[in-house]
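I have placed the structure first, in the form of structure tokens, so that the comments after it can refer back to it.
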Amino acid sequence: MLYPEKEKISLEKLKELQLERLKWSLKHAYRNNAVYKKKFDDAGFNPDSFSSFDDMKRVPFLYKQEMRESYPYGLFAVPMNKVVRLHSSSGTTGNATVVGYTKNDVEIWAEVCARSLSGIGATEEDIIQVAYGYGLFTGGLGLHYGAEKLGAATIPISGGNTEKQLMLMKDFGSTVLACTPSYALNIADFAAKNAPELDFKKLKLRKGIFGAEPWTNEMRTEIESRLDIDAYDIYGLSEVIGPGVSCECEAKQGMHVFEDHFYVEIINPETGEILPEGSQGEIVYTSLTKEACPVIRYRSRDITRLYRDNCSCGRVFTKMEKITGRSDDMLIIRGVNVFPSQIESVLVAVEGVEPHYQIIVDRKGTLDDIEVKVEVNESIFSDEMKVMSELSSKIASKIKTHLNISAKITLVEPSSIERSVGKAVRVIDKRKK
Amino acid sequence: MNIQQISVFIENKPGRLQHVLEVLNSGHINILTLTIAEINDFGILRMIVDKPNTAHDILRKENVTSSVNEVLGVGIDDKPGGLLRLIKCFAENKLNIEYMYAFTQKKGDEATMIFRFEDIEAAKNLLIKEGFNIMKKIDIIGDQE
Ligand SMILES: [Zn+2]
């Protein structure tokens with residue numbers, strides 16, 4: 001643990017600290033930003049009247065759309081001469097959001113990323129290959145600053161150029177890989193195809209820290225066995241700070257939220273009502289220490305669950321489960337709530353099927369139709385039609401059992417589904433006009 | 001050595017078969033016989049080619065899913081009842097045929113049938129005992145690999 005005095009804080013002390021910081025953050029946003037001032041005034045909320053966590057329900061939510069409308073600097077709460085860094089979410093005009101960081105914000109961000117790395121067992125002895133994209137996207141620089149703060153040797157290779165990634169793993173002896181989970185699988189695919197002689201067991205690579213897209217435990221098993229590493233989930237949103245909002249520890253059971261910097265709530269996405277601890281719902285973020293761009297009750301759209309356990313790592317910080325899906329990604333198919341990640345779990349559980357898939361939803365007459373396209377690779381291909389038909393029906397019946405929907409399974413050729421190094425498009429909903 | 005067959009996964013879409021044939025052609029692979037099994041959305045193309053392992057490698061490089069496995073080539077008399085005698089023999093010995101197809105080239109008075117069994121060695125031993133002529137890889141596809 002890098003900062004035991006902060007990370008091993010008692011729950012009581014943590015709550016005290018959070019309340020004190022919440023008061024500061026709410027006042028800071030209200031006094032220094034016109035958008036927040038108007039929102040709070042319109043909602044009849046005065047930060048001076050905030051005295052307990054129970055008052056949170058009076059604080060208005062911040063929606064992604066408001067961030068877009070505030071493009072570029074509408075939600076900044078410090079003058080530009082205090083801003084040292086700008087990041088932006090992908091998106092065209094009218095869709096992009098911009099976040100700024102003061103020197104102190106960058107420092108805090110580096111610290112939470114360093115804590116994340118230390119939490120998965122990385123130390124200053126490690127050589128960390130940062131294969132997240134560098135640039136406006138927060139992944140690359142976030143992990144980069146975190147790795148340097150940890151004191152590890154940091155390789156800023158950025159995403160893509162898989163051949164070179166493998167070369168550095170061999171020649172530089174990288175011990176930790178940081179990238180998106182789908183890119184980790186891309187690396188494994190690329191190696192299997194172009195360097196079949198490469199034995200990951202002989203590489204020094206021992207751990208991976210993967211995030212920026214939802215992934216499943218089945219995917220973890222696959223990455224771990226194919227790259228011969230331990231794989232951990234790191235989570236974050238650029239709107240909140242970037243990667244490092246929460247991260248798994250070596251227990252690999254839930255991601256600890258760095259609660260001394262981020263206040264989290266679980267709400268019912270339909271009603272906005274705060275749900276009790278342990279409930280599944282949308283996670284809402286409030287920054288406690290951020291100066292340049294405070295976020296107050298930001299609606300993430302990510303669906304998860306928060307809970308505290310006596311974690312073996314000794315951190316008291318609340319845990320969040322892997323993201324089940326995004327409330328905007330949630331598909332309602334014949335009245336059943338379906339997250340693409342659930343389909344993915346089924347596919348990975350069927351032996352050998354890699355998660356190269358696409359879900360297509362359409363409406364035929366009044367009924368919703370769901371089709372799942374799955375790419376056929378060598379490990380699942382058979383020259384016997386019987387075996388191939390069984391594969392389709394096995395996937396269909398598992399989807400039926402787990403999700404209670406009937407899906408048409410279409411087996412397709414490798415690389416026929418569009419994919420990218422960053423986030424993959426998993427769903428095509430033809431019902432939307 | 002048993003005959004090797006290469007099987008290829010293809011979607012039932014225009015141009016997919018052509019694509020596979022073009023890839024094989026670019027690698028100077030000679031196709032001796034070819035058959036397609038298909039259901040709604042996809043088919044399995046099964047071929048006897050002169051260089052099955054080379055074909056497998058070049059298909060993999062082009063991201064085409066394929067596999068190489070052994071099949072049994074059995075010579076049968078090219079006259080009425082020739083195939084029947086063989087099939088009866090399978091039935092009597094409870095040998096399950098996964099699938100079968102005819103090899104296009106004839107050798108003398110014999111036609112060749114290709115059979116895929118779960119347990120190729122068991123089938124082979126039985127047929128030899130029954131006096132059937134089992135084709136070797138070298139007889140059918142030569143020894144280019
Ligand atoms: Zn822990």
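By order in the structure tokens, chains are A, B, ...; within a chain, residues start at 1; ligands start at 1, following the order shown.
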Worksheet item: Could you pull the residues within 7 Å of segment 183-195 of chain A, counting only C-alpha atoms, minus those fewer than 6 positions along the same chain, as a VMD selection string?
Response: chain A and resid 162 223 226 to 227 421
I need the residues from that last selection saved to file as a compact mmCIF listing (two decimals), in the first residue's frame (with all heavy atoms), if you can.
```
# COMPACT_ATOMS: atom_id res chain seq x y z
N THR A 162 0.69 -3.43 -32.49
CA THR A 162 0.76 -4.61 -31.64
C THR A 162 2.09 -5.35 -31.75
O THR A 162 2.60 -5.89 -30.78
CB THR A 162 -0.42 -5.55 -31.97
OG1 THR A 162 -1.60 -4.75 -31.99
CG2 THR A 162 -0.58 -6.63 -30.94
N ILE A 223 -8.04 -13.65 -20.55
CA ILE A 223 -6.83 -12.82 -20.63
C ILE A 223 -5.73 -13.44 -19.76
O ILE A 223 -4.57 -13.55 -20.18
CB ILE A 223 -7.13 -11.38 -20.19
CG1 ILE A 223 -8.04 -10.68 -21.20
CG2 ILE A 223 -5.83 -10.59 -20.00
CD1 ILE A 223 -8.56 -9.32 -20.76
N ARG A 226 -4.37 -16.60 -21.44
CA ARG A 226 -3.67 -16.42 -22.71
C ARG A 226 -2.40 -15.61 -22.58
O ARG A 226 -1.43 -15.84 -23.28
CB ARG A 226 -4.61 -15.80 -23.74
CG ARG A 226 -5.75 -16.76 -24.10
CD ARG A 226 -6.62 -16.21 -25.18
NE ARG A 226 -5.93 -16.12 -26.45
CZ ARG A 226 -6.46 -15.55 -27.53
NH1 ARG A 226 -7.67 -15.04 -27.47
NH2 ARG A 226 -5.78 -15.49 -28.65
N LEU A 227 -2.39 -14.61 -21.68
CA LEU A 227 -1.19 -13.80 -21.52
C LEU A 227 -0.34 -14.25 -20.33
O LEU A 227 0.73 -13.72 -20.08
CB LEU A 227 -1.55 -12.32 -21.36
CG LEU A 227 -2.22 -11.62 -22.54
CD1 LEU A 227 -2.48 -10.16 -22.22
CD2 LEU A 227 -1.37 -11.72 -23.81
N VAL A 421 -9.26 -0.82 -31.63
CA VAL A 421 -8.35 -0.94 -30.49
C VAL A 421 -8.99 -0.37 -29.23
O VAL A 421 -8.82 -0.86 -28.14
CB VAL A 421 -7.02 -0.23 -30.82
CG1 VAL A 421 -6.17 -0.07 -29.58
CG2 VAL A 421 -6.27 -1.02 -31.88
```
Mind listing the residues within 12 Å of ligand 1, only C-alpha atoms and all ligand atoms counted, as a CSV table (one decimal) with all heavy atoms, in the first residue's frame?
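Generated output (selection_9.csv):
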```
chain,number,residue,atom,x,y,z
A,1,MET,N,0.8,-1.2,0.0
A,1,MET,CA,0.0,0.0,0.0
A,1,MET,C,0.9,1.3,0.0
A,1,MET,O,1.8,1.4,0.8
A,1,MET,CB,-0.9,0.0,1.2
A,1,MET,CG,-2.1,0.8,1.1
A,1,MET,SD,-3.2,0.7,2.5
A,1,MET,CE,-3.9,-1.0,2.3
A,7,GLU,N,-5.2,5.3,3.0
A,7,GLU,CA,-6.0,4.1,2.5
A,7,GLU,C,-6.5,3.2,3.6
A,7,GLU,O,-7.4,2.4,3.4
A,7,GLU,CB,-5.2,3.3,1.5
A,7,GLU,CG,-4.8,4.2,0.3
A,7,GLU,CD,-4.0,3.4,-0.8
A,7,GLU,OE1,-4.6,2.5,-1.4
A,7,GLU,OE2,-2.8,3.6,-0.9
A,8,LYS,N,-5.8,3.3,4.8
A,8,LYS,CA,-6.3,2.4,5.9
A,8,LYS,C,-7.0,3.2,6.9
A,8,LYS,O,-7.2,2.8,8.1
A,8,LYS,CB,-5.0,1.8,6.6
A,8,LYS,CG,-4.6,0.5,5.8
A,8,LYS,CD,-3.8,-0.4,6.6
A,8,LYS,CE,-3.6,-1.7,6.0
A,8,LYS,NZ,-2.6,-2.6,6.6
A,115,ARG,N,-2.0,4.7,-6.5
A,115,ARG,CA,-2.6,3.8,-5.5
A,115,ARG,C,-3.2,2.6,-6.2
A,115,ARG,O,-3.1,1.5,-5.7
A,115,ARG,CB,-3.8,4.5,-4.9
A,115,ARG,CG,-3.5,5.4,-3.8
A,115,ARG,CD,-4.8,5.8,-3.1
A,115,ARG,NE,-4.8,7.1,-2.5
A,115,ARG,CZ,-5.8,7.6,-1.9
A,115,ARG,NH1,-7.0,7.0,-1.9
A,115,ARG,NH2,-5.7,8.8,-1.3
A,116,SER,N,-3.9,2.8,-7.4
A,116,SER,CA,-4.5,1.7,-8.1
A,116,SER,C,-3.4,0.6,-8.5
A,116,SER,O,-3.6,-0.6,-8.3
A,116,SER,CB,-5.1,2.2,-9.4
A,116,SER,OG,-6.1,3.1,-9.1
A,118,SER,N,-0.4,0.3,-7.1
A,118,SER,CA,0.1,-0.3,-5.9
A,118,SER,C,-0.9,-1.4,-5.4
A,118,SER,O,-0.5,-2.4,-4.9
A,118,SER,CB,0.4,0.8,-4.9
A,118,SER,OG,0.3,0.3,-3.6
A,119,GLY,N,-2.2,-1.1,-5.5
A,119,GLY,CA,-3.2,-2.0,-5.0
A,119,GLY,C,-3.2,-3.3,-5.7
A,119,GLY,O,-3.5,-4.4,-5.2
A,120,ILE,N,-2.8,-3.3,-7.0
A,120,ILE,CA,-2.7,-4.6,-7.7
A,120,ILE,C,-1.4,-5.3,-7.5
A,120,ILE,O,-1.1,-6.4,-8.1
A,120,ILE,CB,-3.0,-4.5,-9.3
A,120,ILE,CG1,-1.8,-3.8,-10.0
A,120,ILE,CG2,-4.3,-3.7,-9.5
A,120,ILE,CD1,-1.8,-4.1,-11.5
A,121,GLY,N,-0.5,-4.7,-6.7
A,121,GLY,CA,0.7,-5.3,-6.3
A,121,GLY,C,1.9,-4.9,-7.1
A,121,GLY,O,3.0,-5.4,-7.1
A,232,TYR,N,-6.4,-7.2,-13.6
A,232,TYR,CA,-7.2,-6.4,-12.6
A,232,TYR,C,-8.0,-5.4,-13.4
A,232,TYR,O,-7.6,-4.8,-14.4
A,232,TYR,CB,-6.3,-5.8,-11.6
A,232,TYR,CG,-5.5,-6.8,-10.8
A,232,TYR,CD1,-4.2,-7.1,-11.3
A,232,TYR,CD2,-5.9,-7.4,-9.7
A,232,TYR,CE1,-3.4,-8.0,-10.7
A,232,TYR,CE2,-5.1,-8.3,-9.0
A,232,TYR,CZ,-3.9,-8.6,-9.5
A,232,TYR,OH,-3.1,-9.5,-8.8
A,246,SER,N,-11.8,4.1,-9.2
A,246,SER,CA,-11.8,2.9,-8.4
A,246,SER,C,-10.9,1.8,-9.1
A,246,SER,O,-10.7,1.9,-10.3
A,246,SER,CB,-13.2,2.3,-8.2
A,246,SER,OG,-13.7,1.9,-9.4
A,247,CYS,N,-10.4,0.9,-8.3
A,247,CYS,CA,-9.6,-0.2,-8.9
A,247,CYS,C,-9.6,-1.4,-8.0
A,247,CYS,O,-9.8,-1.3,-6.8
A,247,CYS,CB,-8.2,0.3,-9.0
A,247,CYS,SG,-7.1,-0.8,-9.9
A,248,GLU,N,-9.5,-2.6,-8.6
A,248,GLU,CA,-9.4,-3.8,-7.8
A,248,GLU,C,-8.1,-3.8,-7.0
A,248,GLU,O,-7.1,-3.3,-7.5
A,248,GLU,CB,-9.5,-5.0,-8.7
A,248,GLU,CG,-10.9,-5.3,-9.2
A,248,GLU,CD,-10.9,-6.5,-10.1
A,248,GLU,OE1,-9.9,-6.8,-10.8
A,248,GLU,OE2,-12.0,-7.2,-10.2
A,249,CYS,N,-8.2,-4.5,-5.9
A,249,CYS,CA,-6.9,-4.8,-5.2
A,249,CYS,C,-6.6,-6.3,-5.5
A,249,CYS,O,-7.2,-6.9,-6.3
A,249,CYS,CB,-7.1,-4.6,-3.7
A,249,CYS,SG,-8.4,-5.7,-3.0
A,250,GLU,N,-5.5,-6.8,-4.9
A,250,GLU,CA,-5.1,-8.1,-5.2
A,250,GLU,C,-6.2,-9.2,-4.9
A,250,GLU,O,-6.1,-10.3,-5.4
A,250,GLU,CB,-3.8,-8.5,-4.5
A,250,GLU,CG,-2.6,-7.8,-5.2
A,250,GLU,CD,-1.3,-8.1,-4.6
A,250,GLU,OE1,-1.0,-7.6,-3.5
A,250,GLU,OE2,-0.5,-8.9,-5.3
A,251,ALA,N,-7.2,-8.9,-4.1
A,251,ALA,CA,-8.2,-9.8,-3.8
A,251,ALA,C,-9.1,-10.1,-5.0
A,251,ALA,O,-9.8,-11.1,-5.1
A,251,ALA,CB,-9.1,-9.3,-2.7
A,252,LYS,N,-9.0,-9.2,-6.1
A,252,LYS,CA,-9.8,-9.4,-7.3
A,252,LYS,C,-11.3,-9.6,-7.0
A,252,LYS,O,-12.0,-10.3,-7.7
A,252,LYS,CB,-9.4,-10.6,-8.1
A,252,LYS,CG,-8.0,-10.4,-8.8
A,252,LYS,CD,-7.8,-11.7,-9.7
A,252,LYS,CE,-6.3,-11.7,-10.1
A,252,LYS,NZ,-6.0,-13.0,-10.7
A,253,GLN,N,-11.8,-8.9,-6.0
A,253,GLN,CA,-13.2,-9.0,-5.7
A,253,GLN,C,-13.8,-7.6,-5.4
A,253,GLN,O,-13.8,-7.1,-4.3
A,253,GLN,CB,-13.4,-9.9,-4.4
A,253,GLN,CG,-13.6,-11.3,-4.8
A,253,GLN,CD,-13.6,-12.2,-3.6
A,253,GLN,OE1,-13.4,-11.8,-2.5
A,253,GLN,NE2,-13.8,-13.5,-3.9
A,254,GLY,N,-14.1,-7.0,-6.5
A,254,GLY,CA,-14.7,-5.6,-6.4
A,254,GLY,C,-13.6,-4.6,-6.5
A,254,GLY,O,-12.5,-4.8,-6.1
A,255,MET,N,-14.0,-3.4,-7.0
A,255,MET,CA,-13.1,-2.3,-7.1
A,255,MET,C,-13.3,-1.3,-5.9
A,255,MET,O,-14.4,-0.9,-5.7
A,255,MET,CB,-13.3,-1.6,-8.4
A,255,MET,CG,-13.1,-2.5,-9.6
A,255,MET,SD,-13.4,-1.7,-11.2
A,255,MET,CE,-15.2,-1.8,-11.3
A,256,HIS,N,-12.2,-1.0,-5.2
A,256,HIS,CA,-12.3,0.0,-4.1
A,256,HIS,C,-12.4,1.4,-4.7
A,256,HIS,O,-11.6,1.8,-5.6
A,256,HIS,CB,-11.0,0.0,-3.3
A,256,HIS,CG,-10.9,-1.3,-2.4
A,256,HIS,ND1,-11.6,-1.5,-1.3
A,256,HIS,CD2,-10.0,-2.3,-2.5
A,256,HIS,CE1,-11.3,-2.6,-0.7
A,256,HIS,NE2,-10.3,-3.2,-1.4
A,257,VAL,N,-13.4,2.1,-4.3
A,257,VAL,CA,-13.5,3.5,-4.8
A,257,VAL,C,-12.7,4.4,-3.8
A,257,VAL,O,-12.8,4.2,-2.6
A,257,VAL,CB,-15.0,4.0,-4.7
A,257,VAL,CG1,-15.1,5.4,-5.1
A,257,VAL,CG2,-15.9,3.1,-5.5
A,258,PHE,N,-11.9,5.2,-4.4
A,258,PHE,CA,-11.0,6.1,-3.6
A,258,PHE,C,-11.9,7.2,-3.0
A,258,PHE,O,-12.0,8.3,-3.5
A,258,PHE,CB,-9.8,6.6,-4.4
A,258,PHE,CG,-8.9,5.5,-4.8
A,258,PHE,CD1,-8.8,5.1,-6.1
A,258,PHE,CD2,-8.3,4.7,-3.8
A,258,PHE,CE1,-8.0,4.1,-6.5
A,258,PHE,CE2,-7.5,3.6,-4.2
A,258,PHE,CZ,-7.4,3.3,-5.5
A,307,TYR,N,-20.8,-2.0,-2.0
A,307,TYR,CA,-20.9,-2.7,-0.7
A,307,TYR,C,-19.5,-2.7,0.0
A,307,TYR,O,-18.5,-2.4,-0.7
A,307,TYR,CB,-21.2,-4.2,-1.0
A,307,TYR,CG,-20.2,-4.9,-1.8
A,307,TYR,CD1,-19.2,-5.7,-1.2
A,307,TYR,CD2,-20.2,-4.8,-3.2
A,307,TYR,CE1,-18.3,-6.4,-2.0
A,307,TYR,CE2,-19.2,-5.5,-4.0
A,307,TYR,CZ,-18.3,-6.3,-3.3
A,307,TYR,OH,-17.3,-6.9,-4.1
A,308,ARG,N,-19.6,-2.8,1.3
A,308,ARG,CA,-18.3,-2.9,2.0
A,308,ARG,C,-18.1,-4.3,2.6
A,308,ARG,O,-19.1,-4.9,3.0
A,308,ARG,CB,-18.3,-1.9,3.2
A,308,ARG,CG,-18.2,-0.5,2.8
A,308,ARG,CD,-18.2,0.4,4.0
A,308,ARG,NE,-18.7,1.7,3.6
A,308,ARG,CZ,-18.0,2.7,3.0
A,308,ARG,NH1,-16.7,2.5,2.8
A,308,ARG,NH2,-18.5,3.8,2.7
A,309,ASP,N,-16.9,-4.8,2.5
A,309,ASP,CA,-16.6,-6.1,3.1
A,309,ASP,C,-15.3,-5.9,3.9
A,309,ASP,O,-14.7,-4.9,3.8
A,309,ASP,CB,-16.5,-7.2,2.1
A,309,ASP,CG,-15.5,-7.0,1.0
A,309,ASP,OD1,-14.7,-6.0,1.1
A,309,ASP,OD2,-15.3,-7.8,0.1
A,310,ASN,N,-14.9,-6.9,4.6
A,310,ASN,CA,-13.6,-6.8,5.3
A,310,ASN,C,-12.6,-7.3,4.4
A,310,ASN,O,-12.2,-8.5,4.4
A,310,ASN,CB,-13.7,-7.7,6.6
A,310,ASN,CG,-14.5,-7.0,7.7
A,310,ASN,OD1,-14.5,-5.8,7.8
A,310,ASN,ND2,-15.3,-7.8,8.3
A,311,CYS,N,-12.1,-6.4,3.5
A,311,CYS,CA,-11.2,-6.9,2.4
A,311,CYS,C,-9.9,-7.2,3.0
A,311,CYS,O,-9.4,-6.6,3.9
A,311,CYS,CB,-11.1,-5.8,1.4
A,311,CYS,SG,-10.2,-6.4,-0.1
A,312,SER,N,-9.3,-8.3,2.4
A,312,SER,CA,-8.0,-8.8,2.9
A,312,SER,C,-6.9,-7.8,2.8
A,312,SER,O,-5.9,-7.8,3.4
A,312,SER,CB,-7.7,-10.1,2.2
A,312,SER,OG,-7.8,-9.9,0.8
A,313,CYS,N,-7.1,-6.8,1.9
A,313,CYS,CA,-6.1,-5.8,1.7
A,313,CYS,C,-6.0,-4.7,2.8
A,313,CYS,O,-5.1,-3.9,2.9
A,313,CYS,CB,-6.2,-5.1,0.3
A,313,CYS,SG,-7.6,-3.9,0.3
A,314,GLY,N,-7.1,-4.7,3.6
A,314,GLY,CA,-7.1,-3.7,4.7
A,314,GLY,C,-7.7,-2.4,4.4
A,314,GLY,O,-7.8,-1.5,5.3
A,315,ARG,N,-8.1,-2.2,3.1
A,315,ARG,CA,-8.8,-0.9,2.8
A,315,ARG,C,-10.2,-0.9,3.2
A,315,ARG,O,-10.9,-1.9,3.1
A,315,ARG,CB,-8.7,-0.6,1.3
A,315,ARG,CG,-7.3,-0.3,0.8
A,315,ARG,CD,-7.3,-0.1,-0.7
A,315,ARG,NE,-6.0,0.1,-1.2
A,315,ARG,CZ,-5.1,-0.9,-1.5
A,315,ARG,NH1,-5.4,-2.1,-1.3
A,315,ARG,NH2,-3.9,-0.5,-1.9
A,316,VAL,N,-10.7,0.2,3.8
A,316,VAL,CA,-12.0,0.3,4.2
A,316,VAL,C,-12.9,0.8,3.1
A,316,VAL,O,-14.2,0.7,3.1
A,316,VAL,CB,-12.1,1.2,5.5
A,316,VAL,CG1,-11.8,2.7,5.1
A,316,VAL,CG2,-13.5,1.1,6.1
A,317,PHE,N,-12.3,1.4,2.1
A,317,PHE,CA,-13.1,2.0,0.9
A,317,PHE,C,-14.1,1.1,0.4
A,317,PHE,O,-13.9,-0.1,0.2
A,317,PHE,CB,-12.1,2.4,-0.2
A,317,PHE,CG,-11.2,3.5,0.2
A,317,PHE,CD1,-9.9,3.4,-0.3
A,317,PHE,CD2,-11.5,4.5,1.0
A,317,PHE,CE1,-8.9,4.4,0.0
A,317,PHE,CE2,-10.6,5.5,1.3
A,317,PHE,CZ,-9.3,5.4,0.8
A,318,THR,N,-15.3,1.6,0.1
A,318,THR,CA,-16.4,0.8,-0.5
A,318,THR,C,-15.9,0.2,-1.8
A,318,THR,O,-15.0,0.6,-2.5
A,318,THR,CB,-17.6,1.7,-0.8
A,318,THR,OG1,-18.7,0.9,-1.1
A,318,THR,CG2,-17.4,2.7,-1.9
A,319,LYS,N,-16.6,-1.0,-2.1
A,319,LYS,CA,-16.3,-1.7,-3.3
A,319,LYS,C,-17.4,-1.5,-4.3
A,319,LYS,O,-18.6,-1.4,-3.9
A,319,LYS,CB,-16.1,-3.1,-3.0
A,319,LYS,CG,-14.7,-3.5,-2.4
A,319,LYS,CD,-14.6,-4.9,-2.2
A,319,LYS,CE,-13.2,-5.3,-1.9
A,319,LYS,NZ,-13.0,-6.7,-1.7
A,320,MET,N,-17.1,-1.4,-5.6
A,320,MET,CA,-18.1,-1.4,-6.6
A,320,MET,C,-17.9,-2.6,-7.4
A,320,MET,O,-16.7,-3.1,-7.7
A,320,MET,CB,-18.1,-0.1,-7.4
A,320,MET,CG,-16.9,0.2,-8.2
A,320,MET,SD,-17.0,1.8,-9.0
A,320,MET,CE,-17.8,1.4,-10.5
```
Compute the set of chain B residues within 10 Å of chain A, using only C-alpha atoms, and express it as a CSV table (one decimal) with C-alpha atoms, in the first residue's frame.
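Wrote it out as iface.csv, contents follow:
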```
chain,number,residue,atom,x,y,z
B,5,GLN,CA,-8.8,-33.1,-45.9
B,6,ILE,CA,-9.0,-29.4,-45.4
B,7,SER,CA,-12.3,-27.9,-44.2
B,8,VAL,CA,-13.1,-24.2,-44.4
B,9,PHE,CA,-15.8,-22.2,-42.7
B,10,ILE,CA,-17.7,-19.9,-45.1
B,11,GLU,CA,-20.7,-17.7,-44.7
B,12,ASN,CA,-23.5,-18.1,-47.1
B,16,ARG,CA,-17.2,-15.9,-50.0
B,37,ALA,CA,-22.2,-28.9,-46.6
B,38,GLU,CA,-24.5,-26.1,-45.7
B,39,ILE,CA,-27.3,-25.0,-43.4
B,40,ASN,CA,-29.0,-21.6,-43.2
B,41,ASP,CA,-26.2,-19.1,-42.7
B,42,PHE,CA,-23.0,-20.9,-43.3
B,43,GLY,CA,-21.4,-23.8,-45.0
B,44,ILE,CA,-18.4,-26.0,-44.5
B,45,LEU,CA,-16.3,-26.4,-47.5
B,46,ARG,CA,-14.4,-29.7,-47.6
B,60,ARG,CA,-5.0,-18.6,-41.6
B,61,LYS,CA,-2.9,-15.6,-42.8
B,62,GLU,CA,-5.9,-14.3,-44.7
B,63,ASN,CA,-8.1,-14.7,-41.6
B,64,VAL,CA,-10.1,-17.6,-43.0
B,65,THR,CA,-11.0,-20.3,-40.5
B,66,SER,CA,-10.0,-23.8,-41.6
B,67,SER,CA,-8.9,-27.1,-40.2
B,68,VAL,CA,-7.0,-30.1,-41.5
B,69,ASN,CA,-8.1,-33.6,-40.5
B,98,GLU,CA,-20.0,-38.6,-40.0
B,99,TYR,CA,-20.2,-37.8,-43.6
B,116,ARG,CA,-15.1,-39.2,-42.2
```
message = If we count only C-alpha atoms and set the cut-off at 8 Å, which residues sit around segment 83-87 of chain A, ignoring sequence neighbours fewer than 5 positions away in its own chain? Please answer as JSON, numbers by chain.
response = {"A": [78, 98, 99, 100, 101, 102, 103, 106, 135, 136, 137, 138, 238, 292]}
Output C-alpha atoms of each residue in that selection to a file, as a PDB file, in the first residue's frame.
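Wrote it out as out.pdb, contents follow:
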```pdb
ATOM      1  CA  VAL A  78     -11.111  28.225 -11.582  1.00  0.00           C
ATOM      2  CA  VAL A  98     -13.898  19.066 -21.938  1.00  0.00           C
ATOM      3  CA  VAL A  99     -12.349  18.645 -18.516  1.00  0.00           C
ATOM      4  CA  GLY A 100      -9.605  20.770 -16.990  1.00  0.00           C
ATOM      5  CA  TYR A 101      -7.124  20.048 -14.226  1.00  0.00           C
ATOM      6  CA  THR A 102      -5.239  22.372 -11.901  1.00  0.00           C
ATOM      7  CA  LYS A 103      -1.747  21.388 -10.763  1.00  0.00           C
ATOM      8  CA  VAL A 106      -3.172  16.405 -11.745  1.00  0.00           C
ATOM      9  CA  GLY A 135      -3.784  12.209 -25.994  1.00  0.00           C
ATOM     10  CA  LEU A 136      -7.105  13.805 -25.226  1.00  0.00           C
ATOM     11  CA  PHE A 137      -8.321  10.440 -23.904  1.00  0.00           C
ATOM     12  CA  THR A 138      -7.474  10.204 -20.200  1.00  0.00           C
ATOM     13  CA  SER A 238     -12.901  11.458 -17.716  1.00  0.00           C
ATOM     14  CA  ALA A 292     -10.839  22.951 -11.975  1.00  0.00           C
TER      15      ALA A 292
END
```
Q: Using DSSP on the backbone, list every residue of chain B that comes out as strand (DSSP E), and give them as a VMD selection string.
A: chain B and resid 3 to 11 31 to 38 42 to 49 66 to 77 97 to 107 110 to 117 133 to 134
**OP:** Give me the residues within 7 Å of segment 56-73 of chain A as JSON, numbers by chain, counting only C-alpha atoms and dropping any in the same chain fewer than 6 places off.
**Re:** {"A": [39, 40, 43, 45, 94, 95, 96, 97, 98, 296, 297, 298, 299]}
Tell me which protein, DNA and RNA residues are within 8 Å of Ile120 of chain B, counting only C-alpha atoms, leaving out same-chain ones fewer than 3 positions away, and put them as an mmCIF file with C-alpha atoms, in the first residue's frame.
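Okay, this is what ended up in around_15.cif:
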```cif
data_model
loop_
_atom_site.group_PDB
_atom_site.id
_atom_site.type_symbol
_atom_site.label_atom_id
_atom_site.label_comp_id
_atom_site.auth_asym_id
_atom_site.auth_seq_id
_atom_site.Cartn_x
_atom_site.Cartn_y
_atom_site.Cartn_z
ATOM 1 C CA GLU B 70 -7.714 -37.183 -41.676
ATOM 2 C CA VAL B 71 -10.301 -38.971 -43.736
ATOM 3 C CA LEU B 72 -10.448 -42.467 -45.141
ATOM 4 C CA ARG B 116 -15.120 -39.226 -42.199
ATOM 5 C CA PHE B 117 -15.292 -41.398 -39.081
ATOM 6 C CA ALA B 123 -12.689 -48.113 -39.346
ATOM 7 C CA LYS B 124 -9.491 -48.584 -41.284
#
```
key: Length of the atom CA of Tyr132 of chain A to atom CA of Asp171 of chain A vector [Å]   =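 It comes out at 19.6 Å.
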- Task: Determine, counting only C-alpha atoms, which protein, DNA and RNA residues have an atom within 12 Å of an atom of Lys149 of chain A; residues of the same chain fewer than 4 positions away are not included. Present the result as JSON, numbers by chain.
- Result: {"A": [2, 3, 106, 107, 108, 109, 110, 111, 112, 113, 114, 115, 116, 117, 118, 122, 123, 124, 128, 141, 142, 143, 144, 145, 153, 154]}
| request: Fewer than 6 positions away in the same chain doesn't count, so skip those; otherwise give me all residues within 12 Å of Glu270 of chain A, counting only C-alpha atoms, as a ChimeraX atom specification. | output: /A:281-282,299,301,327-328
*asked:* Using DSSP secondary structure from the backbone, list all alpha helix (DSSP H) positions within segment 221-386 of chain A, as a PyMOL selection string.
replied: chain A and resi 221-227+340-349+385-386
Pairwise distance, atom CA of Val20 of chain B with atom CA of Ile48 of chain B, equals 14.1 Å
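Atom pair atom CA of Gly208 of chain A / atom CA of Pro196 of chain A has a distance of 21.2 Å (rounded to one decimal).
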Using only C-alpha atoms, which of B:Asp77, B:Glu130, B:Glu145, B:Glu22 sits nearest Glu92 of chain B?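 The closest residue to Glu92 of chain B is B:Glu130.
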| said: Could you check the closest approach to Val361 of chain A for each of A:Ile303, A:Ala178, A:Val427, A:Ile155 and tell me which residue wins, using only C-alpha atoms? | reply: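 So, comparing all the options, the nearest one is A:Val427.
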